[in-house]
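Heads up: the structure comes next, in structure tokens.
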Amino acid sequence: MTGTVIKTEELPIKDSSDVVFVRQRVRVWANSLKFSLVDQTKIVTAASELGRNTLEHGGGGALEIAETVDGIRRGIRLTFSDKGPGIEDVALALSDGYTSKQGMGLGLGGSKRLMNEFDIKTSLGEGTVVTVTRWK
């Protein structure tokens with residue numbers, strides 16, 4: 001991931017109400033960073049999907065929201081982390097159409113397409129960290 005972090009906020013993801021709060025806080029951040037309404041919607045949609053994944057597949061975890069700068073670019077970076085079972089087949093999880101029955105149908109691949117940068121680190125039995133960035 002590129003850029004320098006300016007400020008952060010960390011939010012727990014322990015139940016479905018936390019996923020709702022994650023969406024709200026991400027929208028506040030995206031708005032304060034002056035992203036367009038279309039970009040705000042993309043960022044919040046990705047956050048919603050990744051937050052739900054953190055809860056349902058990772059057993060809960062946390063989100064770190066960060067304002068990031070890289071030269072003249074400003075952006076928002078979202079880092080979702082959990083201590084769940086990890087992802088056995090990342091390529092499959094990123095493929096189109098792969099989602100749980102409860103998902104919005106976007107899956108990891110959809111979240112990746114909504115953002116400018118996407119990184120996933122996962123280890124079986126130890127958890128997953130997904131970091132996404134959207135630049136202005």
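Identifiers for the structure tokens are assigned positionally: chains receive A, B, ... in sequence, residues are indexed from 1 per chain, and ligands are indexed from 1 in the order shown.
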
Can I get the residues of stretch 2-64 of chain A within 6 Å of stretch 78-81 of chain A, each with the closest pair of atoms and their distance in Å to one decimal, using only C-alpha atoms, sorted chain first then ascending number, as a Markdown table?
| residue | atom | partner | partner_atom | distance |
| --- | --- | --- | --- | --- |
| A:Gly61 | CA | A:Ser81 | CA | 5.5 |
| A:Ala62 | CA | A:Ser81 | CA | 5.5 |
| A:Leu63 | CA | A:Phe80 | CA | 4.5 |
| A:Glu64 | CA | A:Thr79 | CA | 5.1 |

Quick check for you: according to DSSP on this backbone, which residues of chain A are classed as helix (DSSP H, G or I)? Reply as a CSV table (one decimal) with N, CA and C atoms, in the first residue's frame.
chain,number,residue,atom,x,y,z
A,16,SER,N,-23.7,-7.3,14.3
A,16,SER,CA,-24.2,-6.7,13.1
A,16,SER,C,-24.4,-5.2,13.3
A,17,SER,N,-24.7,-4.7,14.6
A,17,SER,CA,-24.8,-3.3,14.8
A,17,SER,C,-23.5,-2.6,14.5
A,18,ASP,N,-22.4,-3.3,14.8
A,18,ASP,CA,-21.1,-2.7,14.5
A,18,ASP,C,-20.8,-2.5,13.0
A,19,VAL,N,-21.4,-3.4,12.2
A,19,VAL,CA,-21.2,-3.3,10.8
A,19,VAL,C,-22.0,-2.1,10.3
A,20,VAL,N,-23.2,-1.8,10.9
A,20,VAL,CA,-23.9,-0.6,10.5
A,20,VAL,C,-23.1,0.6,10.9
A,21,PHE,N,-22.5,0.6,12.1
A,21,PHE,CA,-21.7,1.8,12.6
A,21,PHE,C,-20.5,2.0,11.7
A,22,VAL,N,-19.9,0.9,11.3
A,22,VAL,CA,-18.7,1.0,10.3
A,22,VAL,C,-19.1,1.7,9.1
A,23,ARG,N,-20.3,1.4,8.5
A,23,ARG,CA,-20.8,2.1,7.3
A,23,ARG,C,-20.9,3.5,7.6
A,24,GLN,N,-21.6,3.9,8.7
A,24,GLN,CA,-21.8,5.3,9.0
A,24,GLN,C,-20.5,6.1,9.2
A,25,ARG,N,-19.5,5.5,9.9
A,25,ARG,CA,-18.3,6.2,10.2
A,25,ARG,C,-17.5,6.3,8.9
A,26,VAL,N,-17.5,5.3,8.0
A,26,VAL,CA,-16.7,5.4,6.8
A,26,VAL,C,-17.4,6.5,5.9
A,27,ARG,N,-18.7,6.6,5.9
A,27,ARG,CA,-19.3,7.6,5.1
A,27,ARG,C,-18.9,9.0,5.6
A,28,VAL,N,-18.9,9.2,6.9
A,28,VAL,CA,-18.5,10.4,7.5
A,28,VAL,C,-17.1,10.8,7.1
A,29,TRP,N,-16.2,9.8,7.2
A,29,TRP,CA,-14.8,10.1,6.8
A,29,TRP,C,-14.7,10.4,5.3
A,30,ALA,N,-15.4,9.6,4.4
A,30,ALA,CA,-15.3,9.9,3.0
A,30,ALA,C,-15.9,11.3,2.7
A,31,ASN,N,-16.9,11.6,3.3
A,31,ASN,CA,-17.5,13.0,3.1
A,31,ASN,C,-16.5,14.1,3.6
A,32,SER,N,-15.9,13.9,4.7
A,32,SER,CA,-15.0,14.9,5.3
A,32,SER,C,-13.8,15.0,4.4
A,37,LEU,N,-20.0,12.0,-4.3
A,37,LEU,CA,-21.1,11.1,-3.8
A,37,LEU,C,-20.9,9.7,-4.4
A,38,VAL,N,-20.5,9.6,-5.7
A,38,VAL,CA,-20.3,8.3,-6.3
A,38,VAL,C,-19.2,7.5,-5.6
A,39,ASP,N,-18.1,8.2,-5.4
A,39,ASP,CA,-16.9,7.6,-4.7
A,39,ASP,C,-17.3,7.2,-3.2
A,40,GLN,N,-18.1,8.1,-2.6
A,40,GLN,CA,-18.5,7.7,-1.2
A,40,GLN,C,-19.3,6.5,-1.2
A,41,THR,N,-20.2,6.3,-2.2
A,41,THR,CA,-21.0,5.1,-2.3
A,41,THR,C,-20.2,3.9,-2.5
A,42,LYS,N,-19.2,4.0,-3.4
A,42,LYS,CA,-18.2,2.9,-3.6
A,42,LYS,C,-17.5,2.5,-2.4
A,43,ILE,N,-17.0,3.5,-1.7
A,43,ILE,CA,-16.2,3.2,-0.4
A,43,ILE,C,-17.1,2.6,0.6
A,44,VAL,N,-18.3,3.1,0.8
A,44,VAL,CA,-19.2,2.6,1.8
A,44,VAL,C,-19.6,1.2,1.5
A,45,THR,N,-19.9,0.9,0.2
A,45,THR,CA,-20.3,-0.4,-0.2
A,45,THR,C,-19.2,-1.4,0.0
A,46,ALA,N,-18.0,-1.1,-0.3
A,46,ALA,CA,-16.8,-2.0,0.0
A,46,ALA,C,-16.7,-2.2,1.5
A,47,ALA,N,-16.8,-1.1,2.3
A,47,ALA,CA,-16.7,-1.2,3.7
A,47,ALA,C,-17.8,-2.2,4.3
A,48,SER,N,-19.0,-2.0,3.8
A,48,SER,CA,-20.1,-2.9,4.2
A,48,SER,C,-19.8,-4.3,4.0
A,49,GLU,N,-19.4,-4.6,2.8
A,49,GLU,CA,-19.1,-6.0,2.4
A,49,GLU,C,-17.9,-6.6,3.2
A,50,LEU,N,-16.8,-5.8,3.4
A,50,LEU,CA,-15.7,-6.3,4.1
A,50,LEU,C,-16.0,-6.4,5.6
A,51,GLY,N,-16.7,-5.4,6.1
A,51,GLY,CA,-17.1,-5.5,7.5
A,51,GLY,C,-18.0,-6.7,7.8
A,52,ARG,N,-18.9,-7.0,6.9
A,52,ARG,CA,-19.7,-8.2,7.1
A,52,ARG,C,-18.9,-9.5,7.0
A,53,ASN,N,-17.9,-9.5,6.1
A,53,ASN,CA,-17.0,-10.7,6.0
A,53,ASN,C,-16.2,-10.8,7.3
A,54,THR,N,-15.7,-9.7,7.8
A,54,THR,CA,-15.0,-9.8,9.1
A,54,THR,C,-15.8,-10.4,10.2
A,55,LEU,N,-17.1,-10.0,10.3
A,55,LEU,CA,-18.0,-10.5,11.3
A,55,LEU,C,-18.3,-12.0,11.0
A,56,GLU,N,-18.8,-12.3,9.8
A,56,GLU,CA,-19.4,-13.6,9.6
A,56,GLU,C,-18.4,-14.7,9.3
A,90,VAL,N,-7.6,-18.0,-1.7
A,90,VAL,CA,-7.8,-16.6,-1.9
A,90,VAL,C,-8.3,-16.4,-3.3
A,91,ALA,N,-7.7,-17.1,-4.3
A,91,ALA,CA,-8.0,-16.9,-5.7
A,91,ALA,C,-9.5,-17.2,-5.9
A,92,LEU,N,-10.0,-18.3,-5.3
A,92,LEU,CA,-11.4,-18.6,-5.4
A,92,LEU,C,-12.3,-17.5,-4.7
A,93,ALA,N,-11.9,-17.1,-3.6
A,93,ALA,CA,-12.6,-16.1,-2.8
A,93,ALA,C,-12.7,-14.7,-3.6
A,94,LEU,N,-11.7,-14.5,-4.4
A,94,LEU,CA,-11.7,-13.2,-5.2
A,94,LEU,C,-12.4,-13.4,-6.5
A,107,GLY,N,-18.8,-9.9,-2.8
A,107,GLY,CA,-17.7,-10.7,-2.4
A,107,GLY,C,-16.4,-9.9,-2.4
A,108,LEU,N,-15.3,-10.5,-2.2
A,108,LEU,CA,-14.0,-9.8,-2.1
A,108,LEU,C,-13.6,-9.2,-3.4
A,109,GLY,N,-14.0,-9.9,-4.5
A,109,GLY,CA,-13.6,-9.4,-5.9
A,109,GLY,C,-14.4,-8.1,-6.2
A,110,GLY,N,-15.6,-8.0,-5.8
A,110,GLY,CA,-16.4,-6.8,-6.0
A,110,GLY,C,-15.8,-5.6,-5.2
A,111,SER,N,-15.4,-5.9,-3.9
A,111,SER,CA,-14.8,-4.9,-3.1
A,111,SER,C,-13.5,-4.4,-3.7
A,112,LYS,N,-12.8,-5.3,-4.2
A,112,LYS,CA,-11.5,-5.0,-4.9
A,112,LYS,C,-11.7,-4.0,-6.0
A,113,ARG,N,-12.8,-4.3,-6.8
A,113,ARG,CA,-13.0,-3.4,-8.0
A,113,ARG,C,-13.5,-2.0,-7.6
A,114,LEU,N,-14.2,-1.9,-6.4
A,114,LEU,CA,-14.7,-0.6,-6.0
A,114,LEU,C,-13.6,0.3,-5.5

Near-A:Ile76 list (8 Å; only C-alpha atoms; drop same-chain fewer than 4 positions) as an MDAnalysis selection string:
chainID A and resid 29:30 33 65:68 133:135

Looking at A:Lys136, A:Thr122, A:Asp82, A:Asp70, which one is nearest to A:Met1, with distances taken over only C-alpha atoms?
A:Asp70

Strand (DSSP E or B) per DSSP on the backbone: members of stretch 47-86 of chain A, as a VMD selection string
chain A and resid 61 to 70 73 to 82

Please dump the current selection as a compact mmCIF listing (two decimals), in the first residue's frame; keep all heavy atoms.
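Written output follows (again_6.txt):
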# COMPACT_ATOMS: atom_id res chain seq x y z
N GLY A 61 -13.77 -8.72 14.54
CA GLY A 61 -12.43 -8.17 14.45
C GLY A 61 -12.48 -6.67 14.61
O GLY A 61 -13.17 -6.16 15.48
N ALA A 62 -11.79 -5.98 13.71
CA ALA A 62 -11.71 -4.53 13.82
C ALA A 62 -11.51 -3.90 12.45
O ALA A 62 -11.06 -4.55 11.51
CB ALA A 62 -10.56 -4.13 14.73
N LEU A 63 -11.84 -2.61 12.38
CA LEU A 63 -11.57 -1.79 11.21
C LEU A 63 -10.73 -0.61 11.65
O LEU A 63 -11.06 0.06 12.64
CB LEU A 63 -12.87 -1.26 10.59
CG LEU A 63 -12.71 -0.07 9.62
CD1 LEU A 63 -11.89 -0.45 8.39
CD2 LEU A 63 -14.06 0.48 9.22
N GLU A 64 -9.66 -0.34 10.91
CA GLU A 64 -8.92 0.90 11.08
C GLU A 64 -9.19 1.75 9.85
O GLU A 64 -8.93 1.31 8.72
CB GLU A 64 -7.42 0.66 11.22
CG GLU A 64 -6.66 1.97 11.41
CD GLU A 64 -5.16 1.80 11.44
OE1 GLU A 64 -4.57 1.61 10.36
OE2 GLU A 64 -4.60 1.83 12.54
N ILE A 65 -9.72 2.96 10.07
CA ILE A 65 -9.94 3.93 9.00
C ILE A 65 -8.78 4.91 9.07
O ILE A 65 -8.43 5.37 10.16
CB ILE A 65 -11.26 4.71 9.20
CG1 ILE A 65 -12.45 3.77 9.40
CG2 ILE A 65 -11.51 5.64 8.00
CD1 ILE A 65 -13.73 4.46 9.85
N ALA A 66 -8.19 5.22 7.92
CA ALA A 66 -7.05 6.14 7.91
C ALA A 66 -7.16 7.12 6.76
O ALA A 66 -7.52 6.75 5.65
CB ALA A 66 -5.75 5.36 7.79
N GLU A 67 -6.83 8.39 7.06
CA GLU A 67 -6.61 9.37 6.01
C GLU A 67 -5.17 9.19 5.56
O GLU A 67 -4.26 9.12 6.38
CB GLU A 67 -6.81 10.79 6.54
CG GLU A 67 -6.54 11.85 5.50
CD GLU A 67 -6.70 13.26 6.02
OE1 GLU A 67 -7.18 13.45 7.16
OE2 GLU A 67 -6.29 14.19 5.29
N THR A 68 -4.97 9.11 4.25
CA THR A 68 -3.66 8.80 3.70
C THR A 68 -3.29 9.83 2.64
O THR A 68 -4.17 10.31 1.91
CB THR A 68 -3.70 7.39 3.03
OG1 THR A 68 -4.27 6.47 3.95
CG2 THR A 68 -2.34 6.91 2.65
N VAL A 69 -2.01 10.19 2.58
CA VAL A 69 -1.53 11.07 1.53
C VAL A 69 -0.35 10.42 0.81
O VAL A 69 0.41 9.67 1.41
CB VAL A 69 -1.11 12.46 2.07
CG1 VAL A 69 -2.29 13.21 2.62
CG2 VAL A 69 0.01 12.37 3.06
N ASP A 70 -0.28 10.68 -0.48
CA ASP A 70 0.82 10.20 -1.31
C ASP A 70 1.12 11.29 -2.33
O ASP A 70 0.40 11.42 -3.33
CB ASP A 70 0.43 8.89 -2.00
CG ASP A 70 1.55 8.30 -2.84
OD1 ASP A 70 2.74 8.56 -2.52
OD2 ASP A 70 1.25 7.58 -3.80
N ARG A 73 -1.85 13.34 -3.80
CA ARG A 73 -3.08 12.53 -3.65
C ARG A 73 -3.47 12.41 -2.18
O ARG A 73 -2.62 12.23 -1.32
CB ARG A 73 -2.90 11.11 -4.19
CG ARG A 73 -2.64 11.02 -5.65
CD ARG A 73 -2.73 9.60 -6.16
NE ARG A 73 -1.85 8.68 -5.45
CZ ARG A 73 -1.84 7.36 -5.62
NH1 ARG A 73 -2.68 6.81 -6.48
NH2 ARG A 73 -1.02 6.60 -4.96
N ARG A 74 -4.77 12.47 -1.94
CA ARG A 74 -5.32 12.19 -0.61
C ARG A 74 -6.27 11.01 -0.78
O ARG A 74 -6.92 10.86 -1.81
CB ARG A 74 -6.11 13.37 -0.07
CG ARG A 74 -5.26 14.51 0.37
CD ARG A 74 -5.98 15.38 1.40
NE ARG A 74 -5.10 16.36 2.00
CZ ARG A 74 -4.28 16.11 2.99
NH1 ARG A 74 -4.22 14.93 3.52
NH2 ARG A 74 -3.51 17.05 3.48
N GLY A 75 -6.33 10.19 0.26
CA GLY A 75 -7.21 9.04 0.15
C GLY A 75 -7.67 8.54 1.50
O GLY A 75 -7.31 9.07 2.55
N ILE A 76 -8.49 7.51 1.43
CA ILE A 76 -8.98 6.83 2.61
C ILE A 76 -8.54 5.37 2.52
O ILE A 76 -8.67 4.75 1.47
CB ILE A 76 -10.52 6.96 2.75
CG1 ILE A 76 -11.01 6.39 4.08
CG2 ILE A 76 -11.24 6.35 1.56
CD1 ILE A 76 -12.47 6.70 4.38
N ARG A 77 -7.97 4.88 3.60
CA ARG A 77 -7.52 3.49 3.67
C ARG A 77 -8.32 2.78 4.75
O ARG A 77 -8.45 3.29 5.87
CB ARG A 77 -6.04 3.42 3.99
CG ARG A 77 -5.54 1.97 4.14
CD ARG A 77 -4.05 1.90 4.35
NE ARG A 77 -3.41 2.46 3.17
CZ ARG A 77 -2.21 3.04 3.18
NH1 ARG A 77 -1.52 3.13 4.29
NH2 ARG A 77 -1.69 3.53 2.09
N LEU A 78 -8.86 1.63 4.42
CA LEU A 78 -9.63 0.82 5.35
C LEU A 78 -8.90 -0.51 5.55
O LEU A 78 -8.62 -1.21 4.58
CB LEU A 78 -11.03 0.55 4.80
CG LEU A 78 -11.83 1.77 4.32
CD1 LEU A 78 -13.14 1.33 3.68
CD2 LEU A 78 -12.07 2.75 5.46
N THR A 79 -8.60 -0.84 6.80
CA THR A 79 -7.93 -2.11 7.11
C THR A 79 -8.82 -2.92 8.03
O THR A 79 -9.06 -2.54 9.18
CB THR A 79 -6.56 -1.86 7.77
OG1 THR A 79 -5.77 -1.05 6.89
CG2 THR A 79 -5.84 -3.17 8.03
N PHE A 80 -9.33 -4.02 7.51
CA PHE A 80 -10.19 -4.95 8.25
C PHE A 80 -9.34 -6.12 8.71
O PHE A 80 -8.65 -6.74 7.90
CB PHE A 80 -11.32 -5.46 7.37
CG PHE A 80 -12.30 -4.39 6.96
CD1 PHE A 80 -12.07 -3.59 5.86
CD2 PHE A 80 -13.45 -4.19 7.71
CE1 PHE A 80 -12.96 -2.60 5.50
CE2 PHE A 80 -14.35 -3.20 7.35
CZ PHE A 80 -14.11 -2.40 6.24
N SER A 81 -9.39 -6.43 10.00
CA SER A 81 -8.59 -7.55 10.51
C SER A 81 -9.43 -8.44 11.41
O SER A 81 -10.34 -7.97 12.10
CB SER A 81 -7.38 -7.01 11.27
OG SER A 81 -7.79 -6.18 12.33
N ASP A 82 -9.12 -9.72 11.37
CA ASP A 82 -9.78 -10.69 12.25
C ASP A 82 -8.79 -11.78 12.63
O ASP A 82 -7.72 -11.88 12.05
CB ASP A 82 -11.04 -11.28 11.58
CG ASP A 82 -10.72 -12.15 10.37
OD1 ASP A 82 -10.02 -13.17 10.52
OD2 ASP A 82 -11.18 -11.82 9.26

Would you mind reading off the distance between atom CA of A:Lys83 and atom CA of A:Leu124, one decimal, in Å?
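Separation between atom CA of A:Lys83 and atom CA of A:Leu124: 9.7 Å.
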
At what distance in Å, to one decimal, does atom CA of A:Phe35 lie from atom CA of A:Asp119?
21.5 Å

Please, what distance in Å, to one decimal, runs between atom CA of A:Pro12 and atom CA of A:Val129?
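Computed distance, atom CA of A:Pro12 to atom CA of A:Val129, equals 14.0 Å.
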